[in-house]
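Asker: Structure incoming, see below.
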Amino acid sequence: MVKQELELENRPDNTAFTQQRLPAWQPILSAGIVIPGFVVIGLAFIGIGVALFVTSRSIQVLELDYTGVEQNSPCFKCSNPENKNCVCTLAFSIDTLFKGPVFFYYGLSNYFQNYRKYSVSKDGDQLSGDIDNFKSPDDACEPYQYDSNDKPIVPCGSIANSMFNDTFKLYQIVSGRKKQVPLDGKGIAWWTDYNIKYRNPSITPLKNAFNGTVKPIFWPRPVYELDTSDPANNGFINQDFLVWMRTAALPDFRKLYRRITEGDYEEGLPAGNYSLEIAYNYPVLSFDGRKKVVFSNVSWMGGKNEFLGIAYLVIGSLCIVMSIVMLIVYAKFKFPEED
């Protein structure tokens with residue numbers, strides 16, 4: 001008796017929804033529906049593909065390799081790790097106006113930030129400003145958890161320790177003189193990283209929060225002195241640090257370094273001669289890597305990406321071809337209509 005009562009209580013309500021009695025509609029895919037559908041989809045994809053491809057082709061991109069492998073490279077001497085504080089200069093020219101806003105990237109090749117042990121080598125609690133984690137970094141930070149004197153490293157881990165530290169100054173050559181191009185480094189990181197994910201300890205001055213800790217092994221300065229010109233751009237919310245900590249998915253990648261949007265260069269980089277002064281600090285030859293700088297502008301679809309337009313064109317063309325094939329098959333093998 002009790003068992004029957006429990007079964008009655010567990011039964012779903014006697015409604016059309018719970019008893020699966022809702023009306024259903026199943027489309028009948030006839031040739032008169034499928035063939036025009038493929039044509040419409042194909043034409044739409046081709047139209048989108050043409051728009052994407054033409055837009056992508058209009059985006060200007062300038063890439064300059066400065067690894068220094070070749071002996072005739074201006075950075076050949078600097079590529080030797082024994083040459084400390086080495087500075088090299090790349091000269092280049094622009095034939096027409098490089099329309100603004102211009103985005104200035106640095107690029108690395110054969111660099112696997114997606115390697116799992118590398119990508120998890122950080123302490124999330126430490127980077128969120130939790131000062132209690134400064135003295136006991138997460139085990140994921142090994143082997144960059146403590147230094148040789150057993151002092152905790154802040155920020156710890158492989159990602160922070162390998163932070164890109166080449167710096168650049170761009171000049172326009174006007175009447176034989178150098179005119180510095182202003183580079184804007186504000187707001188280059190993701191908004192969520194700057195405002196939510198990474199936080200500085202709520203201690204003033206910031207330097208005091210790092211008492212008893214040491215900087216990453218390969219860093220020239222501690223994290224609270226990353227930007228000597230802007231005290232507000234220091235600690236875990238330093239823009240360059242945030243950009244580097246967002247790891248890349250592929251071994252060949254580029255990361256935003258600065259924007260060119262101010263002063264005489266608000267409309268872009270005028271045609272003329274330029275020189276890029278590079279403080280060469282980041283070694284890449286040990287893993288057969290390469291370094292480059294990239295100047296690019298963007299459009300409504302983002303950066304230069306011809307693959308997306310080509311993909312739409314290919315899929316659209318295939319839809320048109322398939323519609324023609326189905327039309328031929330239908331015309332040849334269609335069943336006679338019944339009386």
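In the structure tokens, chains take the letters A, B, ... in the order shown, each chain's residues start at 1, and ligands count up from 1 in the order shown.
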At a cut-off of 9 Å, using only C-alpha atoms, what residues contact Ser58 (chain A)? Leave out same-chain residues fewer than 4 positions from it and give the result as a ChimeraX atom specification.

Answerer: /A:53-54,299,304

Asker: Write the residues of the preceding selection, restricted to N, CA, C and O atoms, as a tab-separated table (two decimals), in the first residue's frame.

Answerer:
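Contents of again_19.tsv, as written:
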chain	number	residue	atom	x	y	z
A	53	PHE	N	36.75	39.70	-47.52
A	53	PHE	CA	38.03	39.62	-48.23
A	53	PHE	C	38.50	41.00	-48.68
A	53	PHE	O	39.67	41.34	-48.52
A	54	VAL	N	37.58	41.79	-49.25
A	54	VAL	CA	37.96	43.13	-49.72
A	54	VAL	C	38.39	44.00	-48.54
A	54	VAL	O	39.38	44.74	-48.61
A	299	SER	N	39.91	47.33	-39.08
A	299	SER	CA	38.66	47.72	-39.72
A	299	SER	C	37.50	47.26	-38.85
A	299	SER	O	37.69	46.79	-37.73
A	304	LYS	N	43.82	42.07	-39.96
A	304	LYS	CA	43.91	41.43	-41.27
A	304	LYS	C	43.72	39.93	-41.12
A	304	LYS	O	44.44	39.27	-40.36

Asker: Neighbours of Gly129 (chain A) within 7 Å (only C-alpha atoms; same-chain residues fewer than 5 positions away dropped), as a count of residues only?

Answerer: 3

Asker: Which residues are close to Ser128 (chain A), i.e. within 10 Å by only C-alpha atoms, leaving aside same-chain residues fewer than 4 positions away? Reply as a PyMOL selection string.

Answerer: chain A and resi 123-124+133+196-201+236-237

Asker: Taking into account only C-alpha atoms, which residue in the set A:Gln172, A:Ala209, A:Tyr144, A:Phe164 is nearest to Asp132 (chain A)?

Answerer: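 Of A:Gln172, A:Ala209, A:Tyr144, A:Phe164, the one nearest Asp132 (chain A), counting only C-alpha atoms, is A:Ala209.
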
Asker: With only C-alpha atoms as the atoms that count, which of A:Pro74, A:Pro220, A:Gly309, A:Pro27 lies nearest to Asn281 (chain A)?

Answerer: A:Pro220

Asker: Residues at most 7 Å from Val223 (chain A), counting only C-alpha atoms, excluding those fewer than 2 positions away in the same chain, as a list in words?

Answerer: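 Using only C-alpha atoms, the neighbours found are Lys215, Arg221, Glu225, Leu226, Asn234 and Gly235 of chain A.
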
Asker: For the selection just defined, write its residues with C-alpha atoms to a file, as an mmCIF file, in the first residue's frame.

Answerer:
data_model
loop_
_atom_site.group_PDB
_atom_site.id
_atom_site.type_symbol
_atom_site.label_atom_id
_atom_site.label_comp_id
_atom_site.auth_asym_id
_atom_site.auth_seq_id
_atom_site.Cartn_x
_atom_site.Cartn_y
_atom_site.Cartn_z
ATOM 1 C CA LYS A 215 61.622 39.689 -7.976
ATOM 2 C CA ARG A 221 63.377 45.427 -11.664
ATOM 3 C CA GLU A 225 58.875 49.377 -10.375
ATOM 4 C CA LEU A 226 57.945 48.053 -13.819
ATOM 5 C CA ASN A 234 52.930 49.270 -11.539
ATOM 6 C CA GLY A 235 52.408 46.023 -9.722
#

Asker: Run DSSP on the backbone and tell me which residues of region 197-271 of chain A come out as alpha helix (DSSP H); list them as an MDAnalysis selection string.

Answerer: chainID A and resid 239:245

Asker: For those residues, write N, CA and C atoms to a file as a short mmCIF file (atom, residue, chain, number, x, y, z; two decimals), in the first residue's frame.

Answerer:
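So the final result, stored in result.cif, reads:
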data_model
loop_
_atom_site.label_atom_id
_atom_site.label_comp_id
_atom_site.auth_asym_id
_atom_site.auth_seq_id
_atom_site.Cartn_x
_atom_site.Cartn_y
_atom_site.Cartn_z
N GLN A 239 50.27 47.37 -17.50
CA GLN A 239 49.66 47.01 -18.77
C GLN A 239 50.48 45.97 -19.53
N ASP A 240 51.79 46.15 -19.61
CA ASP A 240 52.63 45.18 -20.33
C ASP A 240 52.62 43.82 -19.65
N PHE A 241 52.58 43.83 -18.33
CA PHE A 241 52.53 42.58 -17.58
C PHE A 241 51.23 41.84 -17.85
N LEU A 242 50.12 42.57 -17.87
CA LEU A 242 48.81 41.96 -18.13
C LEU A 242 48.75 41.36 -19.53
N VAL A 243 49.29 42.08 -20.51
CA VAL A 243 49.28 41.58 -21.88
C VAL A 243 50.08 40.28 -21.97
N TRP A 244 51.23 40.22 -21.31
CA TRP A 244 52.05 39.01 -21.37
C TRP A 244 51.40 37.84 -20.64
N MET A 245 50.73 38.10 -19.53
CA MET A 245 50.14 37.02 -18.73
C MET A 245 48.96 36.35 -19.42
#

Asker: Would you compute the distance between CA of Ile59 (chain A) and CA of Gly302 (chain A)? Give it in Å to one decimal.

Answerer: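 Pair CA of Ile59 (chain A) / CA of Gly302 (chain A) returns 9.3 Å.
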
Asker: Considering only C-alpha atoms, state which residue in the set A:Ile46, A:Ile153, A:Leu62, A:Lys291 is at the smallest distance from Phe253 (chain A).

Answerer: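 Ranking A:Ile46, A:Ile153, A:Leu62, A:Lys291 by distance to Phe253 (chain A), first place goes to A:Lys291.
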
Asker: Any idea what the distance is between CA of Pro182 (chain A) and CA of Leu256 (chain A)?

Answerer: 15.3 Å

Asker: Using only C-alpha atoms, which residue out of A:Asn149, A:Asn273, A:Ser296, A:Thr67 lies closest to Lys178 (chain A)?

Answerer: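 Smallest distance to Lys178 (chain A) is found for A:Asn273.
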
Asker: Would you please work out which residue, of A:Leu97, A:Leu206, A:Cys78, A:Ile35, is nearest to Val321 (chain A) when using only C-alpha atoms?

Answerer: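 Under the stated criterion, the closest residue is A:Ile35.
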
Asker: Considering only strand (DSSP E) as DSSP defines it on the backbone, what residues of region 54-221 of chain A qualify? List them as a ChimeraX atom specification.

Answerer: /A:61-65,86-94,98-99,102-109,167-174,177-180

Asker: Env of Phe92 (chain A): 10 Å cut, atoms = only C-alpha atoms, seq-sep filter 2 positions within chain, self excluded. Answer as a ChimeraX atom specification.

Answerer: /A:62,64,89-90,94,172,272-276

Asker: Quick one: of A:Phe333, A:Ala91, A:Lys186, A:Glu306, who's nearest to Ala51 (chain A), counting only C-alpha atoms?

Answerer: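 Nearest candidate to Ala51 (chain A) out of A:Phe333, A:Ala91, A:Lys186, A:Glu306: A:Glu306.
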
Asker: In Å to one decimal, how far is CA of Gln126 (chain A) from CA of Asp147 (chain A)?

Answerer: 16.7 Å

Asker: Mind running region 142-188 of chain A against region 259-271 of chain A at 8 Å and telling me each contacting residue's nearest atom pair with the distance in Å (one decimal), counting only C-alpha atoms, chain and number ascending, as JSON lines?

Answerer:
{"residue": "A:Val181", "atom": "CA", "partner": "A:Tyr265", "partner_atom": "CA", "distance": 7.4}
{"residue": "A:Pro182", "atom": "CA", "partner": "A:Glu262", "partner_atom": "CA", "distance": 6.5}
{"residue": "A:Leu183", "atom": "CA", "partner": "A:Ile260", "partner_atom": "CA", "distance": 5.3}
{"residue": "A:Asp184", "atom": "CA", "partner": "A:Arg259", "partner_atom": "CA", "distance": 5.0}
{"residue": "A:Gly185", "atom": "CA", "partner": "A:Arg259", "partner_atom": "CA", "distance": 6.5}
{"residue": "A:Ile188", "atom": "CA", "partner": "A:Arg259", "partner_atom": "CA", "distance": 7.9}

Asker: Residues of the last selection are to be written out with C-alpha atoms, as an mmCIF file, in the first residue's frame.

Answerer:
data_model
loop_
_atom_site.group_PDB
_atom_site.id
_atom_site.type_symbol
_atom_site.label_atom_id
_atom_site.label_comp_id
_atom_site.auth_asym_id
_atom_site.auth_seq_id
_atom_site.Cartn_x
_atom_site.Cartn_y
_atom_site.Cartn_z
ATOM 1 C CA VAL A 181 56.529 59.321 -32.373
ATOM 2 C CA PRO A 182 54.419 59.182 -29.170
ATOM 3 C CA LEU A 183 53.431 55.643 -28.175
ATOM 4 C CA ASP A 184 50.302 55.211 -26.043
ATOM 5 C CA GLY A 185 50.510 52.286 -23.627
ATOM 6 C CA ILE A 188 46.272 47.863 -24.114
#
